[in-house]
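K.L.:
So that you have it, the file is upload38.cif, and it contains mmCIF, C-alpha atoms and all ligand atoms:
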```cif
data_start
loop_
_atom_site.label_atom_id
_atom_site.label_comp_id
_atom_site.auth_asym_id
_atom_site.auth_seq_id
_atom_site.Cartn_x
_atom_site.Cartn_y
_atom_site.Cartn_z
CA MET O 730 -6.61 27.94 -12.71
CA LYS O 731 -6.84 24.56 -10.95
CA HIS O 732 -10.48 24.67 -9.78
CA LEU O 733 -13.55 26.89 -10.00
CA LEU O 734 -14.78 26.93 -6.41
CA SER O 735 -16.20 30.44 -6.15
CA ILE O 736 -16.14 33.92 -7.64
CA GLU O 737 -14.36 34.84 -4.41
CA SER O 738 -11.36 32.72 -5.41
CA LEU O 739 -11.13 34.08 -8.97
CA SER O 740 -8.98 37.06 -9.86
CA ARG O 741 -10.24 39.97 -11.93
CA ASP O 742 -7.95 38.84 -14.77
CA GLU O 743 -9.22 35.26 -14.63
CA ILE O 744 -12.81 36.51 -14.92
CA HIS O 745 -11.89 38.52 -18.01
CA VAL O 746 -10.03 35.57 -19.57
CA ILE O 747 -13.02 33.26 -18.94
CA LEU O 748 -15.42 35.77 -20.50
CA ASP O 749 -13.24 36.24 -23.58
CA LEU O 750 -12.97 32.49 -24.04
CA ALA O 751 -16.72 32.07 -23.40
CA ALA O 752 -17.46 34.48 -26.28
CA ARG O 753 -15.14 32.44 -28.50
CA MET O 754 -16.76 29.16 -27.40
CA LYS O 755 -20.12 30.60 -28.38
CA SER O 756 -19.09 31.96 -31.77
CA MET O 757 -17.10 28.80 -32.60
CA ARG O 758 -19.67 26.27 -31.37
CA GLY O 759 -19.44 23.11 -33.48
CA ARG O 760 -16.32 24.37 -35.28
CA LEU O 761 -13.63 23.98 -32.60
CA ASP O 762 -10.70 21.94 -33.79
CA LYS O 763 -9.36 21.40 -30.26
CA HIS O 764 -10.97 18.96 -27.85
CA PRO O 765 -9.27 19.68 -24.53
CA LEU O 766 -11.21 17.02 -22.59
CA ARG O 767 -10.39 14.23 -25.07
CA HIS O 768 -9.81 10.88 -23.30
CA GLN O 769 -11.12 12.39 -20.04
CA CYS O 770 -14.04 11.24 -17.92
CA TRP O 771 -15.77 13.77 -15.65
CA ALA O 772 -18.20 13.15 -12.78
CA LEU O 773 -21.23 15.31 -12.03
CA MET O 774 -22.16 14.76 -8.39
CA PHE O 775 -25.34 16.61 -7.36
CA SER O 776 -27.15 16.73 -3.99
CA LYS O 777 -29.74 19.23 -5.24
CA SER O 778 -32.06 19.37 -8.26
CA SER O 779 -30.88 20.92 -11.51
CA THR O 780 -31.97 21.42 -15.08
CA ARG O 781 -29.68 24.07 -16.61
CA THR O 782 -26.48 23.23 -14.76
CA ARG O 783 -26.71 19.51 -15.31
CA VAL O 784 -27.60 19.76 -19.01
CA SER O 785 -25.06 22.48 -19.78
CA PHE O 786 -22.22 20.54 -18.14
CA GLU O 787 -23.20 17.24 -19.74
CA VAL O 788 -23.39 18.85 -23.19
CA GLY O 789 -20.32 21.03 -22.64
CA ILE O 790 -18.05 18.21 -21.48
CA ARG O 791 -19.07 16.10 -24.48
CA GLU O 792 -18.58 18.98 -26.90
CA LEU O 793 -15.04 19.39 -25.54
CA GLY O 794 -14.36 15.74 -26.33
CA GLY O 795 -14.82 14.30 -22.84
CA ASP O 796 -17.09 11.68 -21.34
CA VAL O 797 -19.33 12.40 -18.36
CA PHE O 798 -21.53 10.53 -15.91
CA PHE O 799 -24.09 11.78 -13.39
CA LEU O 800 -24.21 10.75 -9.74
CA ALA O 801 -27.16 11.72 -7.58
CA ALA O 802 -25.40 12.09 -4.24
CA ASP O 803 -28.19 10.24 -2.43
CA ASP O 804 -27.74 7.19 -4.67
CA ILE O 805 -24.10 6.66 -3.76
CA GLN O 806 -22.53 5.84 -0.40
CA LEU O 807 -22.14 9.56 0.31
CA GLY O 808 -25.90 9.60 0.91
CA ARG O 809 -25.44 6.88 3.59
CA GLY O 810 -22.78 8.84 5.42
CA GLU O 811 -19.49 8.06 3.64
CA PRO O 812 -17.33 11.15 4.18
CA ILE O 813 -16.79 13.60 1.33
CA ALA O 814 -13.02 13.18 1.76
CA ASP O 815 -13.28 9.43 1.06
CA THR O 816 -15.65 9.93 -1.87
CA ALA O 817 -13.18 12.48 -3.25
CA ARG O 818 -10.22 10.13 -2.90
CA VAL O 819 -12.08 7.44 -4.85
CA LEU O 820 -13.26 9.71 -7.66
CA GLY O 821 -9.84 11.37 -7.77
CA ARG O 822 -8.26 8.03 -8.71
CA MET O 823 -10.74 7.32 -11.50
CA CYS O 824 -11.99 10.60 -12.96
CA HIS O 825 -10.30 13.58 -14.57
CA GLY O 826 -12.55 16.25 -13.07
CA ALA O 827 -15.70 16.77 -11.03
CA VAL O 828 -18.63 19.16 -11.04
CA ILE O 829 -20.40 19.32 -7.69
CA ARG O 830 -23.73 20.77 -6.55
CA THR O 831 -24.27 20.60 -2.83
CA PHE O 832 -25.11 22.50 0.36
CA ALA O 833 -21.89 23.36 2.23
CA GLN O 834 -19.19 25.32 0.41
CA SER O 835 -16.66 23.43 2.55
CA ASP O 836 -17.73 20.15 0.88
CA VAL O 837 -16.74 21.43 -2.57
CA GLU O 838 -13.48 22.77 -1.17
CA ASP O 839 -12.75 19.51 0.66
CA PHE O 840 -13.56 17.54 -2.48
CA ALA O 841 -11.07 19.62 -4.46
CA LYS O 842 -8.42 19.15 -1.78
CA PHE O 843 -8.83 15.40 -1.28
CA SER O 844 -9.52 14.38 -4.89
CA GLY O 845 -6.68 16.37 -6.44
CA ILE O 846 -8.67 16.67 -9.69
CA PRO O 847 -10.12 19.87 -11.19
CA THR O 848 -13.32 20.61 -9.29
CA VAL O 849 -16.14 22.97 -10.24
CA ASN O 850 -18.72 24.44 -7.89
CA ALA O 851 -22.07 23.91 -9.61
CA LEU O 852 -23.90 25.71 -6.74
CA THR O 853 -23.55 25.64 -3.00
CA ASP O 854 -25.41 27.55 -0.30
CA ASP O 855 -22.65 30.20 -0.50
CA GLU O 856 -22.00 30.70 -4.20
CA HIS O 857 -23.11 29.96 -7.75
CA PRO O 858 -20.04 31.05 -9.71
CA CYS O 859 -20.98 29.44 -13.05
CA GLN O 860 -24.24 31.39 -13.07
CA ILE O 861 -22.58 34.77 -12.57
CA LEU O 862 -20.00 34.10 -15.30
CA ALA O 863 -22.83 33.37 -17.76
CA ASP O 864 -24.69 36.46 -16.55
CA LEU O 865 -21.66 38.68 -17.09
CA GLN O 866 -21.30 37.21 -20.58
CA THR O 867 -24.97 38.04 -21.25
CA ILE O 868 -24.57 41.63 -20.04
CA VAL O 869 -21.54 42.13 -22.30
CA GLU O 870 -23.48 40.73 -25.27
CA ARG O 871 -26.55 42.87 -24.62
CA LEU O 872 -25.04 46.12 -23.34
CA GLY O 873 -21.51 45.99 -24.78
CA ASN O 874 -19.83 45.98 -21.35
CA PHE O 875 -20.45 45.88 -17.62
CA ALA O 876 -17.96 48.59 -16.68
CA GLY O 877 -19.74 51.48 -15.02
CA ARG O 878 -23.10 49.73 -15.19
CA VAL O 879 -25.59 49.41 -12.36
CA VAL O 880 -26.86 45.90 -11.60
CA THR O 881 -29.72 45.76 -9.09
CA PHE O 882 -30.48 42.44 -7.42
CA ILE O 883 -33.97 42.21 -5.91
CA GLY O 884 -35.20 39.55 -3.47
CA ASP O 885 -33.30 37.16 -1.20
CA GLY O 886 -30.03 39.08 -1.09
CA ALA O 887 -28.34 36.57 1.20
CA CYS O 888 -28.49 33.48 -1.02
CA ASN O 889 -25.85 32.03 -3.34
CA VAL O 890 -26.58 34.06 -6.50
CA PRO O 891 -26.37 37.56 -4.98
CA ARG O 892 -23.39 36.45 -2.90
CA SER O 893 -21.53 35.53 -6.08
CA TRP O 894 -22.63 38.86 -7.59
CA LEU O 895 -21.21 40.59 -4.51
CA TRP O 896 -17.83 38.99 -5.09
CA ALA O 897 -17.96 39.97 -8.77
CA ALA O 898 -18.64 43.60 -7.79
CA SER O 899 -15.70 43.48 -5.38
CA LYS O 900 -13.30 42.60 -8.23
CA LEU O 901 -14.78 44.31 -11.30
CA ASP O 902 -15.88 47.84 -12.04
CA PHE O 903 -19.67 47.96 -11.88
CA GLU O 904 -22.12 48.98 -9.18
CA LEU O 905 -24.15 46.24 -7.48
CA ARG O 906 -27.21 47.24 -5.53
CA ILE O 907 -28.86 44.58 -3.39
CA ALA O 908 -32.44 45.40 -2.45
CA ALA O 909 -33.72 43.12 0.30
CA PRO O 910 -35.32 43.33 3.74
CA ALA O 911 -32.75 43.42 6.56
CA GLN O 912 -32.87 39.70 7.38
CA PHE O 913 -32.29 38.79 3.71
CA GLN O 914 -29.27 41.03 3.18
CA PRO O 915 -25.71 39.68 2.84
CA ASP O 916 -23.96 39.37 6.19
CA ALA O 917 -21.52 42.01 7.38
CA ALA O 918 -18.60 39.54 7.56
CA THR O 919 -18.92 38.66 3.87
CA ILE O 920 -19.11 42.33 2.89
CA ALA O 921 -16.06 43.09 5.02
CA ARG O 922 -14.13 40.25 3.34
CA ALA O 923 -15.18 41.34 -0.13
CA PHE O 924 -14.49 45.05 0.40
CA PRO O 925 -11.61 45.00 2.91
CA GLY O 926 -10.80 48.38 4.38
CA ALA O 927 -13.55 50.02 2.35
CA GLN O 928 -15.14 52.92 4.10
CA LYS O 929 -18.88 52.79 3.92
CA ARG O 930 -19.80 56.18 2.50
CA GLU O 931 -23.47 57.05 2.22
CA GLY O 932 -24.33 53.35 2.40
CA CYS O 933 -21.86 52.43 -0.36
CA PHE O 934 -18.75 50.20 -0.30
CA GLU O 935 -16.12 50.77 -3.00
CA ASN O 936 -13.08 48.93 -4.29
CA ALA O 937 -10.04 50.52 -5.94
CA LYS O 938 -11.21 49.48 -9.43
CA GLY O 939 -14.49 51.39 -9.27
CA GLY O 940 -16.64 48.46 -8.19
CA ARG O 941 -19.34 49.45 -5.72
CA LEU O 942 -21.84 47.73 -3.46
CA ILE O 943 -25.00 49.24 -2.01
CA VAL O 944 -27.19 47.15 0.27
CA THR O 945 -30.59 48.61 1.04
CA ASP O 946 -34.20 47.78 1.82
CA ASP O 947 -35.30 50.71 -0.36
CA LEU O 948 -36.48 48.88 -3.44
CA ASP O 949 -37.39 51.94 -5.52
CA GLU O 950 -34.09 53.72 -4.87
CA ALA O 951 -32.20 50.54 -5.78
CA ALA O 952 -34.06 50.19 -9.08
CA ARG O 953 -33.82 53.87 -10.08
CA GLY O 954 -31.59 54.30 -13.13
CA ALA O 955 -30.36 50.68 -13.07
CA ASP O 956 -29.01 49.05 -16.26
CA VAL O 957 -30.04 45.59 -15.06
CA LEU O 958 -32.79 44.35 -12.75
CA TYR O 959 -31.97 40.82 -11.59
CA THR O 960 -33.83 38.37 -9.40
CA ASP O 961 -33.70 34.79 -8.12
CA VAL O 962 -36.21 32.56 -6.32
CA TRP O 963 -37.35 33.64 -2.85
CA VAL O 964 -37.08 30.06 -1.59
CA SER O 965 -33.71 28.54 -2.44
CA MET O 966 -33.13 24.80 -2.41
CA GLY O 967 -32.79 23.68 1.20
CA LYS O 968 -34.99 26.51 2.51
CA GLU O 969 -38.34 24.90 1.76
CA GLU O 970 -39.38 24.84 5.43
CA GLU O 971 -39.19 28.65 5.47
CA ALA O 972 -41.28 29.02 2.31
CA GLN O 973 -44.28 30.72 3.89
CA PHE O 974 -42.17 33.10 6.00
CA ARG O 975 -40.05 34.04 2.99
CA LYS O 976 -43.06 34.67 0.76
CA THR O 977 -44.49 37.05 3.37
CA GLN O 978 -41.23 38.88 4.09
CA LEU O 979 -40.19 39.22 0.46
CA ALA O 980 -43.63 39.97 -0.99
CA ARG O 981 -42.73 43.54 -2.02
CA TYR O 982 -39.41 42.55 -3.58
CA GLN O 983 -40.77 41.66 -6.98
CA ILE O 984 -39.77 42.73 -10.50
CA ASN O 985 -42.94 44.11 -12.05
CA ASN O 986 -43.77 46.84 -14.57
CA GLU O 987 -43.93 49.57 -11.91
CA LEU O 988 -40.43 48.75 -10.69
CA LEU O 989 -39.10 48.38 -14.22
CA ALA O 990 -40.37 51.90 -15.03
CA LEU O 991 -37.84 53.25 -12.51
CA ALA O 992 -34.88 51.57 -14.21
CA LYS O 993 -32.99 53.00 -17.18
CA PRO O 994 -35.02 52.85 -20.42
CA GLY O 995 -34.15 49.58 -22.13
CA ALA O 996 -32.82 48.05 -18.89
CA LEU O 997 -32.21 44.31 -18.96
CA VAL O 998 -34.38 42.06 -16.80
CA MET O 999 -32.46 38.96 -15.77
CA HIS O 1000 -33.32 35.80 -13.84
CA CYS O 1001 -31.07 32.81 -13.16
CA LEU O 1002 -34.11 30.45 -13.29
CA PRO O 1003 -36.17 28.54 -12.32
CA ALA O 1004 -38.73 31.38 -12.15
CA TYR O 1005 -41.89 31.55 -10.07
CA ARG O 1006 -44.29 33.92 -11.82
CA GLY O 1007 -46.29 36.10 -9.47
CA LEU O 1008 -43.63 35.83 -6.75
CA GLU O 1009 -40.18 37.28 -7.52
CA ILE O 1010 -41.25 38.36 -11.03
CA THR O 1011 -44.58 38.95 -12.74
CA ALA O 1012 -45.55 36.78 -15.71
CA ASP O 1013 -45.78 39.74 -18.10
CA VAL O 1014 -42.32 41.10 -17.24
CA PHE O 1015 -40.87 37.60 -17.46
CA GLU O 1016 -42.31 36.95 -20.92
CA ALA O 1017 -41.36 40.40 -22.23
CA ASN O 1018 -37.75 39.65 -21.24
CA ALA O 1019 -37.68 35.93 -21.99
CA ASP O 1020 -35.09 36.33 -24.73
CA THR O 1021 -32.54 37.82 -22.31
CA ILE O 1022 -33.41 35.30 -19.59
CA PHE O 1023 -33.05 32.25 -21.83
CA THR O 1024 -29.86 33.67 -23.33
CA GLN O 1025 -28.53 33.71 -19.76
CA ALA O 1026 -29.46 30.03 -19.54
CA GLU O 1027 -27.80 29.25 -22.89
CA ASN O 1028 -24.65 31.12 -21.88
CA ARG O 1029 -24.19 28.67 -19.03
CA LEU O 1030 -23.00 26.24 -21.71
CA HIS O 1031 -20.51 28.61 -23.29
CA ALA O 1032 -19.11 30.09 -20.06
CA GLN O 1033 -18.69 26.64 -18.51
CA LYS O 1034 -16.96 25.30 -21.63
CA ALA O 1035 -14.48 28.15 -21.22
CA VAL O 1036 -13.93 27.18 -17.56
CA LEU O 1037 -13.53 23.49 -18.44
CA ALA O 1038 -11.04 24.24 -21.21
CA MET O 1039 -8.99 26.36 -18.80
CA LEU O 1040 -9.09 23.65 -16.13
CA ALA O 1041 -7.87 21.09 -18.65
CA GLU O 1042 -4.78 23.14 -19.57
N1 LIG J 1 -29.81 28.49 -12.73
C1 LIG J 1 -29.55 27.20 -12.42
O1 LIG J 1 -28.51 26.88 -11.86
O2 LIG J 1 -30.52 26.34 -12.82
P1 LIG J 1 -30.62 24.79 -12.39
O3 LIG J 1 -30.92 24.78 -10.91
O4 LIG J 1 -31.74 24.26 -13.22
O5 LIG J 1 -29.32 24.12 -12.69
N1 LIG J 2 -30.81 30.52 -5.11
C1 LIG J 2 -31.31 29.44 -5.89
C2 LIG J 2 -30.59 29.33 -7.19
C3 LIG J 2 -31.15 28.31 -8.12
C4 LIG J 2 -30.37 28.19 -9.38
C5 LIG J 2 -31.19 28.14 -5.11
O1 LIG J 2 -30.16 27.93 -4.45
O2 LIG J 2 -32.13 27.33 -5.12
#
```
If you convert what's in this file into structure tokens, what do you get?

P.N.:
Amino acid sequence: MKHLLSIESLSRDEIHVILDLAARMKSMRGRLDKHPLRHQCWALMFSKSSTRTRVSFEVGIRELGGDVFFLAADDIQLGRGEPIADTARVLGRMCHGAVIRTFAQSDVEDFAKFSGIPTVNALTDDEHPCQILADLQTIVERLGNFAGRVVTFIGDGACNVPRSWLWAASKLDFELRIAAPAQFQPDAATIARAFPGAQKREGCFENAKGGRLIVTDDLDEAARGADVLYTDVWVSMGKEEEAQFRKTQLARYQINNELLALAKPGALVMHCLPAYRGLEITADVFEANADTIFTQAENRLHAQKAVLAMLAE
């Protein structure tokens, strides 16, 4: 694995290898005798805010023996219009790897191409691969596996987090249900790419491995019998101008106790964070499930250390 640019570009086997190594990184934290990033210096270059991603990469790179520095994209010449390809060619001559949070997926891909150094997507408008790897790790820890499970995403089904979930469902063997109003559902072209040749039967796309995707505006049906209810903010970074429209359109698409009662008894409630209580999730459901939600956040560290160690090989 040369880069982590998306879940789309990972194979099923690579996902399993990352998750196995992530479990080992977690159980061996502080006791690893190998430091695969020793004598390396990594750049974090972010154009959007971050708490979890920034901290988990800064800690993770150091724990693997590397050094790291943070660049707010607006503070460097990139923010004044220097092309991403030129920025990449500079960093590629000085750094050993880069972790990038930005808007366009093509910027992360161009950076990887022009820098020639291992590049990690730390969130774009299209995907948030590190988040979904940590989420899968959390599901395995809590439920024993994800095979055959039903994961229901509720809210803005067209943003980066559900899009990465969609790609995970296209490669693995669980059922993903995305419950969102029509204008916040994943686009048909992405679904067609993720489930090529799949016949839509009764609103369901399937892959050969048993992975399934259901996209619906029927919130209750999507939640019924689910093993996991998952949500993300209604207003993603970069969509602030649409905040009022989104809050109106998505108002029903909330994880609350009534919805949770439809899921399987003991279902996990998950949130990638940051959370807005009273919007995509109620405060009581959030607090009752805080241990799972903050374990997701913690697992960002372990899953990303696994990715970094693989990139350093
Ligand atoms: N979930 C997540 O990526 O959080 P941050 O935006 O705080 O990094
Ligand atoms: N969809 C959210 C994820 C935040 C981690 C956003 O892009 O803002």

K.L.:
Can you list every residue of chain O that has an atom at most 12 Å from ligand LIG 2 (chain J), with its nearest atom pair and the distance in Å to one decimal, using only C-alpha atoms and all ligand atoms, ordered by chain then number, as a tab-separated table?

P.N.:
```
residue	atom	partner	partner_atom	distance
O:Ser776	CA	J:LIG2	O1	11.6
O:Lys777	CA	J:LIG2	O2	8.4
O:Ser778	CA	J:LIG2	O2	8.6
O:Ser779	CA	J:LIG2	C4	7.6
O:Thr780	CA	J:LIG2	C4	9.0
O:Arg781	CA	J:LIG2	C4	8.4
O:Thr782	CA	J:LIG2	C4	8.3
O:Arg783	CA	J:LIG2	C4	11.1
O:Arg830	CA	J:LIG2	O1	9.8
O:Thr831	CA	J:LIG2	O1	9.5
O:Phe832	CA	J:LIG2	O1	8.8
O:Ala833	CA	J:LIG2	O1	11.6
O:Ala851	CA	J:LIG2	C4	9.3
O:Leu852	CA	J:LIG2	O1	7.0
O:Thr853	CA	J:LIG2	O1	7.1
O:Asp854	CA	J:LIG2	O1	6.3
O:Asp855	CA	J:LIG2	O1	8.8
O:Glu856	CA	J:LIG2	O1	8.6
O:His857	CA	J:LIG2	C2	7.5
O:Pro858	CA	J:LIG2	C4	10.7
O:Cys859	CA	J:LIG2	C4	10.2
O:Gln860	CA	J:LIG2	C4	7.8
O:Ile861	CA	J:LIG2	C4	10.7
O:Gly884	CA	J:LIG2	N1	10.2
O:Asp885	CA	J:LIG2	N1	8.1
O:Gly886	CA	J:LIG2	N1	9.5
O:Ala887	CA	J:LIG2	N1	9.1
O:Cys888	CA	J:LIG2	N1	5.6
O:Asn889	CA	J:LIG2	N1	5.5
O:Val890	CA	J:LIG2	N1	5.7
O:Pro891	CA	J:LIG2	N1	8.3
O:Arg892	CA	J:LIG2	N1	9.8
O:Ser893	CA	J:LIG2	N1	10.6
O:Trp894	CA	J:LIG2	N1	11.9
O:Thr960	CA	J:LIG2	N1	9.4
O:Asp961	CA	J:LIG2	N1	6.0
O:Val962	CA	J:LIG2	C1	5.8
O:Trp963	CA	J:LIG2	N1	7.6
O:Val964	CA	J:LIG2	O2	6.7
O:Ser965	CA	J:LIG2	O2	3.3
O:Met966	CA	J:LIG2	O2	3.8
O:Gly967	CA	J:LIG2	O2	7.3
O:Lys968	CA	J:LIG2	O2	8.2
O:Glu969	CA	J:LIG2	O2	9.6
O:Ala972	CA	J:LIG2	O2	11.9
O:His1000	CA	J:LIG2	C4	9.3
O:Cys1001	CA	J:LIG2	C4	6.0
O:Leu1002	CA	J:LIG2	C4	5.9
O:Pro1003	CA	J:LIG2	C4	6.5
O:Ala1004	CA	J:LIG2	C3	9.1
O:Tyr1005	CA	J:LIG2	C3	11.4
O:Glu1009	CA	J:LIG2	N1	11.8
O:Gln1025	CA	J:LIG2	C4	11.9
O:Ala1026	CA	J:LIG2	C4	10.4
O:Arg1029	CA	J:LIG2	C4	11.5
```

K.L.:
For His745 of chain O, which residue among O:Ile846, O:Gly821, O:Phe875, O:Leu1008 is the nearest when counting all atoms listed in the file?

P.N.:
O:Phe875

K.L.:
Would you pick out the contacts of Gly794 of chain O at 12 Å or less, using all atoms listed in the file, so that residues sharing its chain but fewer than 4 positions from it are not included, and give the list as a ChimeraX atom specification?

P.N.:
/O:759,761-771,787-790,1034,1037-1038,1041

K.L.:
Box for segment 794-799 of chain O: with edges along x, y and z, all listed atoms inside and 6 Å added on each side, what are the centre and edge lengths in Å to one decimal, as AutoDock Vina command-line options?

P.N.:
```
--center_x -19.2 --center_y 13.1 --center_z -19.9 --size_x 21.7 --size_y 17.2 --size_z 24.9
```

K.L.:
Here is a test: counting all atoms listed in the file, which residue of O:Ala990, O:Ile829, O:Leu750, O:Leu872 is nearest to ligand LIG 1 (chain J)?

P.N.:
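Looking at the shortest contact to ligand LIG 1 (chain J), the residue is O:Ile829.
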
K.L.:
List as a PDB file with C-alpha atoms, keeping the file's coordinate frame the residues having at least one atom at most 9 Å from position (-30.9, 40.3, 1.8) as given in the file, counting only C-alpha atoms.

P.N.:
```
ATOM      1  CA  ILE O 883     -33.970  42.210  -5.910  1.00  0.00           C
ATOM      2  CA  GLY O 884     -35.200  39.550  -3.470  1.00  0.00           C
ATOM      3  CA  ASP O 885     -33.300  37.160  -1.200  1.00  0.00           C
ATOM      4  CA  GLY O 886     -30.030  39.080  -1.090  1.00  0.00           C
ATOM      5  CA  ALA O 887     -28.340  36.570   1.200  1.00  0.00           C
ATOM      6  CA  CYS O 888     -28.490  33.480  -1.020  1.00  0.00           C
ATOM      7  CA  PRO O 891     -26.370  37.560  -4.980  1.00  0.00           C
ATOM      8  CA  ILE O 907     -28.860  44.580  -3.390  1.00  0.00           C
ATOM      9  CA  ALA O 908     -32.440  45.400  -2.450  1.00  0.00           C
ATOM     10  CA  ALA O 909     -33.720  43.120   0.300  1.00  0.00           C
ATOM     11  CA  PRO O 910     -35.320  43.330   3.740  1.00  0.00           C
ATOM     12  CA  ALA O 911     -32.750  43.420   6.560  1.00  0.00           C
ATOM     13  CA  GLN O 912     -32.870  39.700   7.380  1.00  0.00           C
ATOM     14  CA  PHE O 913     -32.290  38.790   3.710  1.00  0.00           C
ATOM     15  CA  GLN O 914     -29.270  41.030   3.180  1.00  0.00           C
ATOM     16  CA  PRO O 915     -25.710  39.680   2.840  1.00  0.00           C
ATOM     17  CA  ASP O 916     -23.960  39.370   6.190  1.00  0.00           C
ATOM     18  CA  VAL O 944     -27.190  47.150   0.270  1.00  0.00           C
ATOM     19  CA  THR O 945     -30.590  48.610   1.040  1.00  0.00           C
ATOM     20  CA  ASP O 946     -34.200  47.780   1.820  1.00  0.00           C
TER      21      ASP O 946
END
```

K.L.:
What does the distance between atom CA of Phe882 of chain O and atom CA of Leu748 of chain O come to in Å, to one decimal place?

P.N.:
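According to the coordinates, atom CA of Phe882 of chain O and atom CA of Leu748 of chain O are separated by 21.0 Å.
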
K.L.:
I want to know what sits within 10 Å of Ile813 of chain O, based on all atoms listed in the file, with residues of the same chain fewer than 3 positions away left out; could you give that as a PDB file with C-alpha atoms, keeping the file's coordinate frame?

P.N.:
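Once written, out-v6.pdb looks like this:
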```pdb
ATOM      1  CA  GLN O 806     -22.530   5.840  -0.400  1.00  0.00           C
ATOM      2  CA  LEU O 807     -22.140   9.560   0.310  1.00  0.00           C
ATOM      3  CA  GLY O 808     -25.900   9.600   0.910  1.00  0.00           C
ATOM      4  CA  GLY O 810     -22.780   8.840   5.420  1.00  0.00           C
ATOM      5  CA  THR O 816     -15.650   9.930  -1.870  1.00  0.00           C
ATOM      6  CA  ALA O 817     -13.180  12.480  -3.250  1.00  0.00           C
ATOM      7  CA  ARG O 818     -10.220  10.130  -2.900  1.00  0.00           C
ATOM      8  CA  VAL O 819     -12.080   7.440  -4.850  1.00  0.00           C
ATOM      9  CA  SER O 835     -16.660  23.430   2.550  1.00  0.00           C
ATOM     10  CA  ASP O 836     -17.730  20.150   0.880  1.00  0.00           C
ATOM     11  CA  VAL O 837     -16.740  21.430  -2.570  1.00  0.00           C
ATOM     12  CA  ASP O 839     -12.750  19.510   0.660  1.00  0.00           C
ATOM     13  CA  PHE O 840     -13.560  17.540  -2.480  1.00  0.00           C
ATOM     14  CA  PHE O 843      -8.830  15.400  -1.280  1.00  0.00           C
ATOM     15  CA  SER O 844      -9.520  14.380  -4.890  1.00  0.00           C
TER      16      SER O 844
END
```

K.L.:
Out of O:Ala897, O:Ile736, O:Ala1017, O:Val880, which residue has the shortest atom-to-atom distance to Asp956 of chain O when counting only C-alpha atoms?

P.N.:
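Closest candidate: O:Val880.
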
K.L.:
Tell me, in Å to one decimal, how far atom CA of Thr1024 of chain O is from atom CA of Leu734 of chain O.

P.N.:
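According to the coordinates, atom CA of Thr1024 of chain O and atom CA of Leu734 of chain O are separated by 23.6 Å.
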
K.L.:
Need to verify the contact set: Phe934 of chain O, 12 Å, only C-alpha atoms, exclusion of same-chain residues closer than 2 positions in sequence. Can you return it as a ChimeraX atom specification?

P.N.:
/O:895,898-899,903-907,917,920-932,936-944
